[in-house]
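query.pdb follows (PDB, C-alpha atoms, pLDDT in the B column):
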```pdb
ATOM      1  CA  MET A   1      -5.957 -23.081  -8.254  1.00 84.00           C
ATOM      2  CA  SER A   2      -7.824 -22.004  -5.152  1.00 92.00           C
ATOM      3  CA  ASP A   3     -11.098 -20.116  -5.085  1.00 94.00           C
ATOM      4  CA  ILE A   4      -9.336 -16.975  -3.871  1.00 95.00           C
ATOM      5  CA  THR A   5      -7.022 -17.021  -6.883  1.00 96.00           C
ATOM      6  CA  TRP A   6     -10.001 -17.271  -9.254  1.00 96.00           C
ATOM      7  CA  ILE A   7     -11.754 -14.415  -7.462  1.00 97.00           C
ATOM      8  CA  ILE A   8      -8.671 -12.223  -7.837  1.00 96.00           C
ATOM      9  CA  ILE A   9      -8.291 -13.099 -11.525  1.00 97.00           C
ATOM     10  CA  PHE A  10     -11.961 -12.457 -12.369  1.00 97.00           C
ATOM     11  CA  GLY A  11     -11.988  -9.293 -10.274  1.00 96.00           C
ATOM     12  CA  ALA A  12      -8.968  -8.001 -12.157  1.00 96.00           C
ATOM     13  CA  LEU A  13     -10.538  -8.871 -15.512  1.00 97.00           C
ATOM     14  CA  ALA A  14     -13.820  -7.182 -14.560  1.00 96.00           C
ATOM     15  CA  THR A  15     -11.968  -4.044 -13.434  1.00 94.00           C
ATOM     16  CA  TYR A  16      -9.932  -3.952 -16.630  1.00 96.00           C
ATOM     17  CA  ALA A  17     -13.029  -4.506 -18.793  1.00 95.00           C
ATOM     18  CA  THR A  18     -14.950  -1.656 -17.167  1.00 92.00           C
ATOM     19  CA  ARG A  19     -12.038   0.752 -17.501  1.00 91.00           C
ATOM     20  CA  VAL A  20     -11.352  -0.141 -21.131  1.00 94.00           C
ATOM     21  CA  GLY A  21     -15.079  -0.147 -21.904  1.00 92.00           C
ATOM     22  CA  GLY A  22     -15.502   3.352 -20.515  1.00 86.00           C
ATOM     23  CA  HIS A  23     -12.539   4.580 -22.517  1.00 87.00           C
ATOM     24  CA  LEU A  24     -13.840   2.992 -25.718  1.00 92.00           C
ATOM     25  CA  VAL A  25     -17.303   4.493 -25.284  1.00 88.00           C
ATOM     26  CA  LEU A  26     -15.988   7.990 -24.571  1.00 86.00           C
ATOM     27  CA  SER A  27     -13.438   7.844 -27.396  1.00 88.00           C
ATOM     28  CA  ARG A  28     -16.298   7.535 -29.910  1.00 89.00           C
ATOM     29  CA  PHE A  29     -17.386  11.096 -29.167  1.00 85.00           C
ATOM     30  CA  GLU A  30     -15.644  13.983 -30.883  1.00 88.00           C
ATOM     31  CA  HIS A  31     -16.868  16.321 -28.160  1.00 90.00           C
ATOM     32  CA  ILE A  32     -18.196  15.149 -24.799  1.00 88.00           C
ATOM     33  CA  PRO A  33     -21.472  16.919 -23.960  1.00 89.00           C
ATOM     34  CA  ARG A  34     -21.417  19.222 -20.934  1.00 93.00           C
ATOM     35  CA  ARG A  35     -23.959  17.147 -19.019  1.00 93.00           C
ATOM     36  CA  VAL A  36     -21.951  13.954 -19.517  1.00 88.00           C
ATOM     37  CA  SER A  37     -18.794  15.756 -18.454  1.00 90.00           C
ATOM     38  CA  ALA A  38     -20.527  17.086 -15.327  1.00 92.00           C
ATOM     39  CA  ALA A  39     -21.811  13.597 -14.501  1.00 91.00           C
ATOM     40  CA  LEU A  40     -18.346  12.108 -14.924  1.00 88.00           C
ATOM     41  CA  ASP A  41     -16.876  14.809 -12.690  1.00 90.00           C
ATOM     42  CA  ALA A  42     -19.345  13.821  -9.951  1.00 91.00           C
ATOM     43  CA  VAL A  43     -18.375  10.131  -9.974  1.00 90.00           C
ATOM     44  CA  PRO A  44     -15.311  10.368  -7.657  1.00 88.00           C
ATOM     45  CA  ALA A  45     -17.289  12.215  -4.978  1.00 86.00           C
ATOM     46  CA  ALA A  46     -20.142   9.712  -5.239  1.00 90.00           C
ATOM     47  CA  VAL A  47     -17.810   6.735  -4.922  1.00 89.00           C
ATOM     48  CA  LEU A  48     -15.987   8.307  -1.982  1.00 82.00           C
ATOM     49  CA  SER A  49     -19.264   9.005  -0.156  1.00 84.00           C
ATOM     50  CA  THR A  50     -20.375   5.442  -0.800  1.00 89.00           C
ATOM     51  CA  LEU A  51     -17.226   4.178   0.888  1.00 85.00           C
ATOM     52  CA  VAL A  52     -17.025   6.695   3.737  1.00 80.00           C
ATOM     53  CA  ALA A  53     -20.649   7.126   4.853  1.00 81.00           C
ATOM     54  CA  PRO A  54     -21.296   3.529   6.020  1.00 86.00           C
ATOM     55  CA  ALA A  55     -18.057   3.493   8.014  1.00 77.00           C
ATOM     56  CA  ALA A  56     -18.903   6.808   9.673  1.00 76.00           C
ATOM     57  CA  VAL A  57     -22.431   5.741  10.570  1.00 79.00           C
ATOM     58  CA  SER A  58     -21.873   2.179  11.741  1.00 83.00           C
ATOM     59  CA  ASN A  59     -18.469   2.123  13.438  1.00 83.00           C
ATOM     60  CA  GLY A  60     -18.589   4.673  16.221  1.00 85.00           C
ATOM     61  CA  PRO A  61     -17.786   8.199  17.294  1.00 90.00           C
ATOM     62  CA  ALA A  62     -14.121   8.152  16.215  1.00 91.00           C
ATOM     63  CA  GLU A  63     -15.043   7.585  12.579  1.00 89.00           C
ATOM     64  CA  ALA A  64     -17.812  10.213  12.628  1.00 88.00           C
ATOM     65  CA  ILE A  65     -15.511  12.812  14.201  1.00 92.00           C
ATOM     66  CA  THR A  66     -12.781  11.979  11.689  1.00 91.00           C
ATOM     67  CA  LEU A  67     -15.243  12.447   8.837  1.00 88.00           C
ATOM     68  CA  VAL A  68     -16.132  15.922  10.105  1.00 91.00           C
ATOM     69  CA  VAL A  69     -12.470  16.842  10.628  1.00 94.00           C
ATOM     70  CA  ALA A  70     -11.550  15.642   7.113  1.00 92.00           C
ATOM     71  CA  ALA A  71     -14.505  17.493   5.570  1.00 91.00           C
ATOM     72  CA  ILE A  72     -13.425  20.735   7.210  1.00 95.00           C
ATOM     73  CA  ALA A  73      -9.805  20.139   6.176  1.00 96.00           C
ATOM     74  CA  ALA A  74     -10.936  19.499   2.584  1.00 93.00           C
ATOM     75  CA  LEU A  75     -12.253  23.050   2.394  1.00 95.00           C
ATOM     76  CA  ARG A  76      -8.749  24.396   2.972  1.00 96.00           C
ATOM     77  CA  PHE A  77      -6.114  21.835   1.941  1.00 95.00           C
ATOM     78  CA  ASN A  78      -5.302  19.542  -0.974  1.00 93.00           C
ATOM     79  CA  LEU A  79      -6.050  15.817  -1.070  1.00 88.00           C
ATOM     80  CA  ILE A  80      -2.774  14.503   0.370  1.00 94.00           C
ATOM     81  CA  VAL A  81      -2.917  16.849   3.342  1.00 95.00           C
ATOM     82  CA  VAL A  82      -6.559  15.923   3.978  1.00 93.00           C
ATOM     83  CA  LEU A  83      -5.676  12.214   3.915  1.00 93.00           C
ATOM     84  CA  LEU A  84      -2.840  12.795   6.383  1.00 96.00           C
ATOM     85  CA  ILE A  85      -5.087  14.847   8.674  1.00 96.00           C
ATOM     86  CA  GLY A  86      -7.787  12.173   8.503  1.00 93.00           C
ATOM     87  CA  ALA A  87      -5.312   9.398   9.251  1.00 95.00           C
ATOM     88  CA  ALA A  88      -3.861  11.336  12.184  1.00 97.00           C
ATOM     89  CA  ALA A  89      -7.360  12.062  13.508  1.00 95.00           C
ATOM     90  CA  ILE A  90      -8.555   8.456  13.384  1.00 93.00           C
ATOM     91  CA  ILE A  91      -5.338   7.135  14.930  1.00 95.00           C
ATOM     92  CA  SER A  92      -5.483   9.709  17.715  1.00 96.00           C
ATOM     93  CA  LEU A  93      -9.161   9.179  18.451  1.00 95.00           C
ATOM     94  CA  ARG A  94      -8.832   5.407  18.517  1.00 93.00           C
ATOM     95  CA  ALA A  95      -5.764   5.658  20.747  1.00 95.00           C
ATOM     96  CA  ALA A  96      -7.784   7.893  23.082  1.00 95.00           C
ATOM     97  CA  GLY A  97     -10.365   5.111  23.389  1.00 91.00           C
ATOM     98  CA  LEU A  98     -13.176   6.471  21.214  1.00 85.00           C
ATOM     99  CA  GLY A  99     -12.967   3.745  18.583  1.00 71.00           C
TER
END
```
Output the file's structure as structure tokens, nothing else.
Amino acid sequence: MSDITWIIIFGALATYATRVGGHLVLSRFEHIPRRVSAALDAVPAAVLSTLVAPAAVSNGPAEAITLVVAAIAALRFNLIVVLLIGAAAIISLRAAGLG
């Protein structure tokens, strides 16, 4: 098998292990403490910022403007609508020559 195949297999196994491991650890608690619950609720936002911030800072004005547009849209709309607005914004801005 090629190196890429091995990378995909080990990546899938690592992803599965972390998901199952997290479930097994949390299932040992009868009641999840409030602080742990609050920390777990903050994980999606932290991961999203880790993915979005470097792209907004290093790619150009189209990405930065799209980030602002999506952030404003997130205050009003649900996730699917925000994703559609963000996609439309980045496509439009890149087509206009900003990206």
Using all atoms listed in the file, the shortest atom-to-atom distance to Ala64 (chain A) among A:Met1, A:Ile80, A:Ile90, A:Val43 belongs to A:Ile90
Extract, using all atoms listed in the file, all DNA, RNA and protein residues at most 12 Å from Ala88 (chain A), discarding same-chain residues fewer than 4 positions from it, and format them as a list of chain:residue names.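 Result of the neighbour search: A:Ala62, A:Glu63, A:Ile65, A:Thr66, A:Leu67, A:Val69, A:Ala70, A:Val81, A:Val82, A:Leu83, A:Leu84, A:Ser92, A:Leu93, A:Arg94, A:Ala95.
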To one decimal place in Å, what is the distance between CA of Ile8 (chain A) and CA of Val25 (chain A)? 25.7 Å
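Separating CA of Ala38 (chain A) from CA of Val68 (chain A) is a distance of 25.8 Å.
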Hey, can you check how far CA of Ala45 (chain A) sits from CA of Ala14 (chain A)?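 So the answer is 21.9 Å.
Restricting the calculation to only C-alpha atoms, the smallest distance between Leu98 (chain A) and any of A:Val20, A:Gly60, A:Ser27, A:Ile7 is found for A:Gly60.
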